[in-house]
$ cat target.txt   # compact mmCIF, C-alpha atoms
# COMPACT_ATOMS: atom_id res chain seq x y z
CA MET I 718 70.66 -14.36 136.57
CA GLU I 719 69.18 -10.90 136.90
CA LYS I 720 69.28 -8.85 133.72
CA ILE I 721 68.17 -5.46 132.51
CA PRO I 722 65.90 -5.85 129.47
CA ILE I 723 66.95 -4.28 126.19
CA LEU I 724 64.08 -3.37 123.85
CA ARG I 725 64.45 -2.86 120.14
CA MET I 726 62.55 -0.05 118.45
CA GLY I 727 63.40 0.27 114.77
CA GLU I 728 67.06 1.09 114.49
CA PHE I 729 67.33 2.00 118.18
CA LEU I 730 67.78 0.02 121.37
CA LEU I 731 65.99 1.15 124.54
CA VAL I 732 67.09 0.39 128.07
CA THR I 733 65.24 1.43 131.22
CA ILE I 734 67.10 0.81 134.43
CA GLN I 735 64.45 0.22 137.08
CA VAL I 736 66.37 -1.65 139.75
CA ASP I 737 69.14 -0.83 142.17
CA MET I 738 72.23 -1.17 140.04
CA HIS I 739 74.81 -3.42 141.58
CA ASP I 740 78.16 -3.67 139.88
CA ARG I 741 77.73 -7.01 138.17
CA LEU I 742 74.38 -5.93 136.76
CA ALA I 743 76.07 -2.86 135.24
CA MET I 744 78.78 -5.04 133.69
CA THR I 745 76.17 -7.46 132.33
CA LEU I 746 74.27 -4.57 130.78
CA GLN I 747 77.48 -3.35 129.14
CA ASP I 748 78.16 -6.78 127.63
CA ASP I 749 74.55 -7.38 126.57
CA LEU I 750 74.26 -3.98 124.93
CA THR I 751 77.45 -4.29 122.91
CA ASN I 752 76.35 -7.76 121.76
CA ARG I 753 72.89 -6.52 120.80
CA ILE I 754 74.34 -3.57 118.86
CA SER I 755 76.55 -5.87 116.86
CA GLN I 756 73.74 -8.41 116.26
CA THR I 757 71.09 -5.89 115.25
CA GLY I 758 73.23 -3.17 113.68
CA ALA I 759 71.38 -0.65 115.83
CA LYS I 760 72.29 2.97 115.17
CA GLY I 761 71.36 4.37 118.56
CA VAL I 762 70.99 3.44 122.21
CA LEU I 763 68.71 5.26 124.65
CA ILE I 764 69.31 4.62 128.34
CA ASP I 765 66.68 5.85 130.80
CA ILE I 766 68.14 6.35 134.28
CA SER I 767 65.16 8.19 135.81
CA SER I 768 64.73 5.50 138.47
CA LEU I 769 68.38 5.56 139.49
CA GLU I 770 68.66 7.23 142.88
CA ILE I 771 72.42 7.50 142.72
CA VAL I 772 75.12 7.38 140.08
CA ASP I 773 78.47 6.73 141.72
CA SER I 774 81.87 6.53 140.04
CA PHE I 775 81.38 2.90 138.98
CA ILE I 776 77.97 3.42 137.39
CA GLY I 777 79.20 6.67 135.82
CA ARG I 778 82.22 4.92 134.36
CA THR I 779 80.03 2.10 133.05
CA LEU I 780 77.73 4.61 131.30
CA GLY I 781 80.83 6.22 129.77
CA ASN I 782 82.14 2.83 128.65
CA ILE I 783 78.80 1.92 127.10
CA ALA I 784 78.81 5.20 125.15
CA SER I 785 82.39 4.65 123.94
CA MET I 786 81.82 1.02 122.97
CA SER I 787 78.63 1.94 121.10
CA ARG I 788 80.49 4.65 119.23
CA VAL I 789 83.14 2.17 118.13
CA LEU I 790 80.31 -0.07 116.89
CA ASP I 791 78.82 2.87 114.97
CA ALA I 792 75.92 3.56 117.34
CA GLN I 793 75.16 6.75 119.27
CA THR I 794 74.18 6.71 122.96
CA VAL I 795 71.90 9.13 124.80
CA VAL I 796 71.32 8.92 128.56
CA VAL I 797 67.99 10.43 129.65
CA GLY I 798 66.01 11.26 132.78
CA MET I 799 68.76 11.93 135.29
CA GLN I 800 67.35 13.13 138.62
CA PRO I 801 68.46 16.66 139.60
CA ALA I 802 70.01 15.46 142.87
CA VAL I 803 72.05 12.91 140.91
CA ALA I 804 73.28 15.62 138.51
CA ILE I 805 74.35 17.86 141.41
CA THR I 806 76.17 15.01 143.15
CA LEU I 807 77.92 13.86 139.96
CA VAL I 808 79.24 17.30 139.10
CA GLU I 809 80.36 17.99 142.66
CA LEU I 810 82.11 14.62 142.65
CA GLY I 811 84.04 15.87 139.64
CA MET I 812 82.39 13.48 137.19
CA SER I 813 80.59 15.20 134.36
CA LEU I 814 80.04 12.04 132.28
CA GLN I 815 82.24 13.30 129.50
CA GLY I 816 81.56 11.73 126.15
CA VAL I 817 78.04 10.76 127.22
CA ARG I 818 75.25 12.64 125.51
CA THR I 819 72.29 13.40 127.76
CA ALA I 820 68.72 14.62 127.34
CA LEU I 821 66.07 15.66 129.85
CA ASN I 822 63.50 12.97 129.06
CA VAL I 823 62.75 10.10 126.69
CA ASP I 824 61.05 12.40 124.14
CA ALA I 825 64.00 14.78 123.95
CA GLY I 826 66.37 11.82 123.95
CA MET I 827 64.70 10.12 120.97
CA GLU I 828 64.74 13.40 119.07
CA LEU I 829 68.43 13.92 119.82
CA LEU I 830 69.18 10.34 118.82
CA ARG I 831 67.38 10.72 115.46
CA GLN I 832 69.17 13.98 114.78
CA THR I 833 72.56 12.64 115.73
CA VAL I 834 72.14 9.50 113.64
CA ASN I 835 70.99 11.56 110.62
CA ASP I 836 73.86 14.03 110.95
CA HIS I 837 76.31 11.20 111.36
CA GLU I 838 75.04 9.36 108.27
CA GLU I 839 75.06 12.52 106.18
CA ARG I 840 78.61 13.23 107.19
CA GLU I 841 79.76 9.67 106.57
CA TYR I 842 77.82 8.71 103.47
CA GLY I 843 76.52 12.05 102.17
CA SER I 844 78.93 12.17 99.27
CA TYR I 845 77.60 8.88 97.80
CA PHE I 846 74.16 10.34 97.22
CA GLN I 847 75.19 13.56 95.51
CA MET P 1135 76.79 12.59 172.49
CA ALA P 1136 74.42 9.72 172.72
CA VAL P 1137 73.91 6.84 170.34
CA ILE P 1138 70.29 6.73 169.09
CA SER P 1139 70.67 3.59 167.03
CA SER P 1140 73.42 1.53 165.54
CA GLU P 1141 73.32 -0.76 162.57
CA THR P 1142 75.95 -3.19 161.40
CA LEU P 1143 75.92 -4.63 157.91
CA PRO P 1144 78.32 -7.10 156.32
CA VAL P 1145 80.12 -5.96 153.18
CA VAL P 1146 81.18 -9.19 151.53
CA SER P 1147 79.33 -9.17 148.20
CA GLU P 1148 78.14 -6.70 145.59
CA ALA P 1149 74.57 -7.04 146.85
CA ASP P 1150 75.79 -5.73 150.22
CA ILE P 1151 76.80 -2.45 148.56
CA VAL P 1152 73.15 -2.02 147.62
CA SER P 1153 72.08 -2.82 151.21
CA VAL P 1154 74.52 -0.24 152.58
CA ARG P 1155 73.09 2.37 150.19
CA ARG P 1156 69.56 1.57 151.30
CA CYS P 1157 70.47 1.70 154.99
CA VAL P 1158 72.27 5.04 154.63
CA ARG P 1159 69.41 6.45 152.55
CA GLU P 1160 66.87 5.52 155.24
CA SER P 1161 68.98 6.98 158.03
CA ALA P 1162 69.64 10.23 156.14
CA ALA P 1163 65.93 10.58 155.38
CA LYS P 1164 65.07 9.90 159.03
CA LEU P 1165 67.48 12.66 160.09
CA GLY P 1166 65.74 15.10 157.75
CA PHE P 1167 68.47 15.48 155.12
CA SER P 1168 67.34 17.15 151.88
CA LEU P 1169 67.08 14.96 148.78
CA VAL P 1170 70.33 16.39 147.40
CA ASP P 1171 72.17 15.77 150.67
CA GLN P 1172 70.73 12.26 150.91
CA THR P 1173 71.99 11.56 147.41
CA LYS P 1174 75.47 12.88 148.25
CA VAL P 1175 75.74 10.83 151.43
CA VAL P 1176 74.45 7.68 149.73
CA THR P 1177 76.88 8.16 146.83
CA ALA P 1178 79.78 8.55 149.28
CA ALA P 1179 78.63 5.45 151.17
CA SER P 1180 78.46 3.50 147.93
CA GLU P 1181 82.04 4.43 147.04
CA LEU P 1182 83.24 3.50 150.54
CA ALA P 1183 81.42 0.18 150.53
CA ARG P 1184 82.87 -0.71 147.12
CA ASN P 1185 86.39 0.16 148.24
CA THR P 1186 85.85 -1.96 151.36
CA LEU P 1187 84.85 -4.88 149.16
CA ILE P 1188 87.38 -4.56 146.34
CA HIS P 1189 90.48 -3.13 148.01
CA GLY P 1190 89.84 -4.23 151.58
CA ARG P 1191 88.48 -7.67 150.61
CA GLY P 1192 85.28 -7.12 152.53
CA GLY P 1193 84.41 -6.00 156.01
CA LYS P 1194 81.62 -4.63 158.13
CA TRP P 1195 79.65 -1.45 157.85
CA ASN P 1196 78.75 0.16 161.14
CA LEU P 1197 76.36 3.09 161.11
CA PRO P 1198 75.67 4.59 164.52
CA LEU P 1199 73.35 7.59 164.69
CA LEU P 1200 74.44 10.10 167.29
CA THR P 1201 72.80 13.07 168.94
CA VAL P 1202 75.12 16.02 169.34
CA ARG P 1203 74.24 18.97 171.53
CA GLU P 1204 74.07 22.15 169.52
CA SER P 1205 76.53 23.86 171.82
CA ALA P 1206 79.10 21.32 170.68
CA PHE P 1207 79.29 23.24 167.41
CA GLY P 1208 79.49 26.64 169.09
$ encode --input "target.txt" --output "structure tokens"
Amino acid sequence: MEKIPILRMGEFLLVTIQVDMHDRLAMTLQDDLTNRISQTGAKGVLIDISSLEIVDSFIGRTLGNIASMSRVLDAQTVVVGMQPAVAITLVELGMSLQGVRTALNVDAGMELLRQTVNDHEEREYGSYFQ
Amino acid sequence: MAVISSETLPVVSEADIVSVRRCVRESAAKLGFSLVDQTKVVTAASELARNTLIHGRGGKWNLPLLTVRESAFG
């Protein structure tokens, strides 16, 4: 069965979507990612959608679900590389991917992820180290 | 109005949604739509094809390209 590879880099998981997303593939990615987060204890997930030519309501909802599920499993999600035409279409469709953090490119996304994870850990566990 | 070309695609599986997207993308590009407009049309087509599959239990996608005289808009 076709799958989207999930790469591990330190405490982060990286996903680059480079194929036409059909619905089952999106669902498989959602399942695989949640499993990998729980197995590896990853603190962040970076999803690169720069090759996605469209994001319709289903793909948008799936990205939102992935972000919510990661959050419940104590991992932060950042979606990077959205094409401008996709951003325009999404917003005009009335979907602004609420709850999904985004960054312009992989560099900015990794930086945001590091920051978010640090802030989160300080807030959660900061008092133990004082 | 005259039909330039007409394409019919089955919509009976999830892979067909991807085919519909591709077909609509090619047609929109051929007609000279901007990238943003192509993306909007393809997104709309994707939603329609999915609704056809999930709520309509499948069907056929027919995409005729028409020429319309400009005066028709005037």
$ interface_residues --input "target.txt" --of "chain P" --to "chain I" --cutoff "10 Å" --atoms "all atoms listed in the file" --output "compact mmCIF listing (two decimals) with C-alpha atoms, keeping the file's coordinate frame"
# COMPACT_ATOMS: atom_id res chain seq x y z
CA SER P 1147 79.33 -9.17 148.20
CA GLU P 1148 78.14 -6.70 145.59
CA ALA P 1149 74.57 -7.04 146.85
CA ASP P 1150 75.79 -5.73 150.22
CA ILE P 1151 76.80 -2.45 148.56
CA VAL P 1152 73.15 -2.02 147.62
CA SER P 1153 72.08 -2.82 151.21
CA ARG P 1155 73.09 2.37 150.19
CA ARG P 1156 69.56 1.57 151.30
CA ARG P 1159 69.41 6.45 152.55
CA SER P 1168 67.34 17.15 151.88
CA LEU P 1169 67.08 14.96 148.78
CA VAL P 1170 70.33 16.39 147.40
CA ASP P 1171 72.17 15.77 150.67
CA GLN P 1172 70.73 12.26 150.91
CA THR P 1173 71.99 11.56 147.41
CA LYS P 1174 75.47 12.88 148.25
CA VAL P 1175 75.74 10.83 151.43
CA VAL P 1176 74.45 7.68 149.73
CA THR P 1177 76.88 8.16 146.83
CA ALA P 1178 79.78 8.55 149.28
CA ALA P 1179 78.63 5.45 151.17
CA SER P 1180 78.46 3.50 147.93
CA GLU P 1181 82.04 4.43 147.04
CA ARG P 1184 82.87 -0.71 147.12
$ atom_distance --input "target.txt" --atom1 "atom CA of Ile721 of chain I" --atom2 "atom CA of Ile783 of chain I"
14.0 Å
$ atom_distance --input "target.txt" --atom1 "atom CA of Val736 of chain I" --atom2 "atom CA of Met718 of chain I"
13.8 Å
$ closest_residue --input "target.txt" --among "I:Val795, I:Leu829, I:Ile754, I:Leu790" --to "Arg725 of chain I" --atoms "all atoms listed in the file"
I:Ile754
$ residues_around --input "target.txt" --residues "Leu746 of chain I" --least-positions-apart "2" --cutoff "12 Å" --atoms "only C-alpha atoms" --output "PyMOL selection string"
chain I and resi 718-723+731-734+738-744+748-754+764+776+779-780+782-783
$ atom_distance --input "target.txt" --atom1 "atom CA of Met786 of chain I" --atom2 "atom CA of Met799 of chain I"
21.0 Å
$ build_atoms --input "target.txt" --residues "segment 1144-1164 of chain P" --atoms "N, CA and C atoms" --output "mmCIF file, keeping the file's coordinate frame"
data_model
loop_
_atom_site.group_PDB
_atom_site.id
_atom_site.type_symbol
_atom_site.label_atom_id
_atom_site.label_comp_id
_atom_site.auth_asym_id
_atom_site.auth_seq_id
_atom_site.Cartn_x
_atom_site.Cartn_y
_atom_site.Cartn_z
ATOM 1 N N PRO P 1144 77.117 -6.502 156.910
ATOM 2 C CA PRO P 1144 78.320 -7.100 156.320
ATOM 3 C C PRO P 1144 78.557 -6.515 154.938
ATOM 4 N N VAL P 1145 79.809 -6.369 154.549
ATOM 5 C CA VAL P 1145 80.120 -5.960 153.180
ATOM 6 C C VAL P 1145 81.022 -7.038 152.587
ATOM 7 N N VAL P 1146 80.384 -8.089 152.078
ATOM 8 C CA VAL P 1146 81.180 -9.190 151.530
ATOM 9 C C VAL P 1146 80.768 -9.551 150.100
ATOM 10 N N SER P 1147 79.711 -8.894 149.590
ATOM 11 C CA SER P 1147 79.330 -9.170 148.200
ATOM 12 C C SER P 1147 78.785 -7.879 147.590
ATOM 13 N N GLU P 1148 78.622 -7.906 146.270
ATOM 14 C CA GLU P 1148 78.140 -6.700 145.590
ATOM 15 C C GLU P 1148 76.730 -6.321 146.043
ATOM 16 N N ALA P 1149 75.928 -7.333 146.387
ATOM 17 C CA ALA P 1149 74.570 -7.040 146.850
ATOM 18 C C ALA P 1149 74.613 -6.250 148.157
ATOM 19 N N ASP P 1150 75.675 -6.459 148.949
ATOM 20 C CA ASP P 1150 75.790 -5.730 150.220
ATOM 21 C C ASP P 1150 75.991 -4.238 149.997
ATOM 22 N N ILE P 1151 76.624 -3.885 148.870
ATOM 23 C CA ILE P 1151 76.800 -2.450 148.560
ATOM 24 C C ILE P 1151 75.423 -1.806 148.430
ATOM 25 N N VAL P 1152 74.513 -2.533 147.785
ATOM 26 C CA VAL P 1152 73.150 -2.020 147.620
ATOM 27 C C VAL P 1152 72.452 -1.900 148.979
ATOM 28 N N SER P 1153 72.685 -2.879 149.867
ATOM 29 C CA SER P 1153 72.080 -2.820 151.210
ATOM 30 C C SER P 1153 72.609 -1.625 151.990
ATOM 31 N N VAL P 1154 73.923 -1.379 151.872
ATOM 32 C CA VAL P 1154 74.520 -0.240 152.580
ATOM 33 C C VAL P 1154 73.875 1.060 152.086
ATOM 34 N N ARG P 1155 73.726 1.176 150.762
ATOM 35 C CA ARG P 1155 73.090 2.370 150.190
ATOM 36 C C ARG P 1155 71.709 2.577 150.792
ATOM 37 N N ARG P 1156 70.934 1.474 150.827
ATOM 38 C CA ARG P 1156 69.560 1.570 151.300
ATOM 39 C C ARG P 1156 69.521 1.995 152.766
ATOM 40 N N CYS P 1157 70.413 1.403 153.559
ATOM 41 C CA CYS P 1157 70.470 1.700 154.990
ATOM 42 C C CYS P 1157 70.834 3.167 155.220
ATOM 43 N N VAL P 1158 71.838 3.648 154.470
ATOM 44 C CA VAL P 1158 72.270 5.040 154.630
ATOM 45 C C VAL P 1158 71.183 5.991 154.156
ATOM 46 N N ARG P 1159 70.508 5.613 153.075
ATOM 47 C CA ARG P 1159 69.410 6.450 152.550
ATOM 48 C C ARG P 1159 68.318 6.604 153.601
ATOM 49 N N GLU P 1160 67.938 5.471 154.224
ATOM 50 C CA GLU P 1160 66.870 5.520 155.240
ATOM 51 C C GLU P 1160 67.274 6.382 156.426
ATOM 52 N N SER P 1161 68.524 6.214 156.876
ATOM 53 C CA SER P 1161 68.980 6.980 158.030
ATOM 54 C C SER P 1161 69.021 8.466 157.710
ATOM 55 N N ALA P 1162 69.529 8.816 156.523
ATOM 56 C CA ALA P 1162 69.640 10.230 156.140
ATOM 57 C C ALA P 1162 68.253 10.854 156.035
ATOM 58 N N ALA P 1163 67.297 10.070 155.520
ATOM 59 C CA ALA P 1163 65.930 10.580 155.380
ATOM 60 C C ALA P 1163 65.321 10.799 156.772
ATOM 61 N N LYS P 1164 65.604 9.820 157.664
ATOM 62 C CA LYS P 1164 65.070 9.900 159.030
ATOM 63 C C LYS P 1164 65.602 11.142 159.736
#
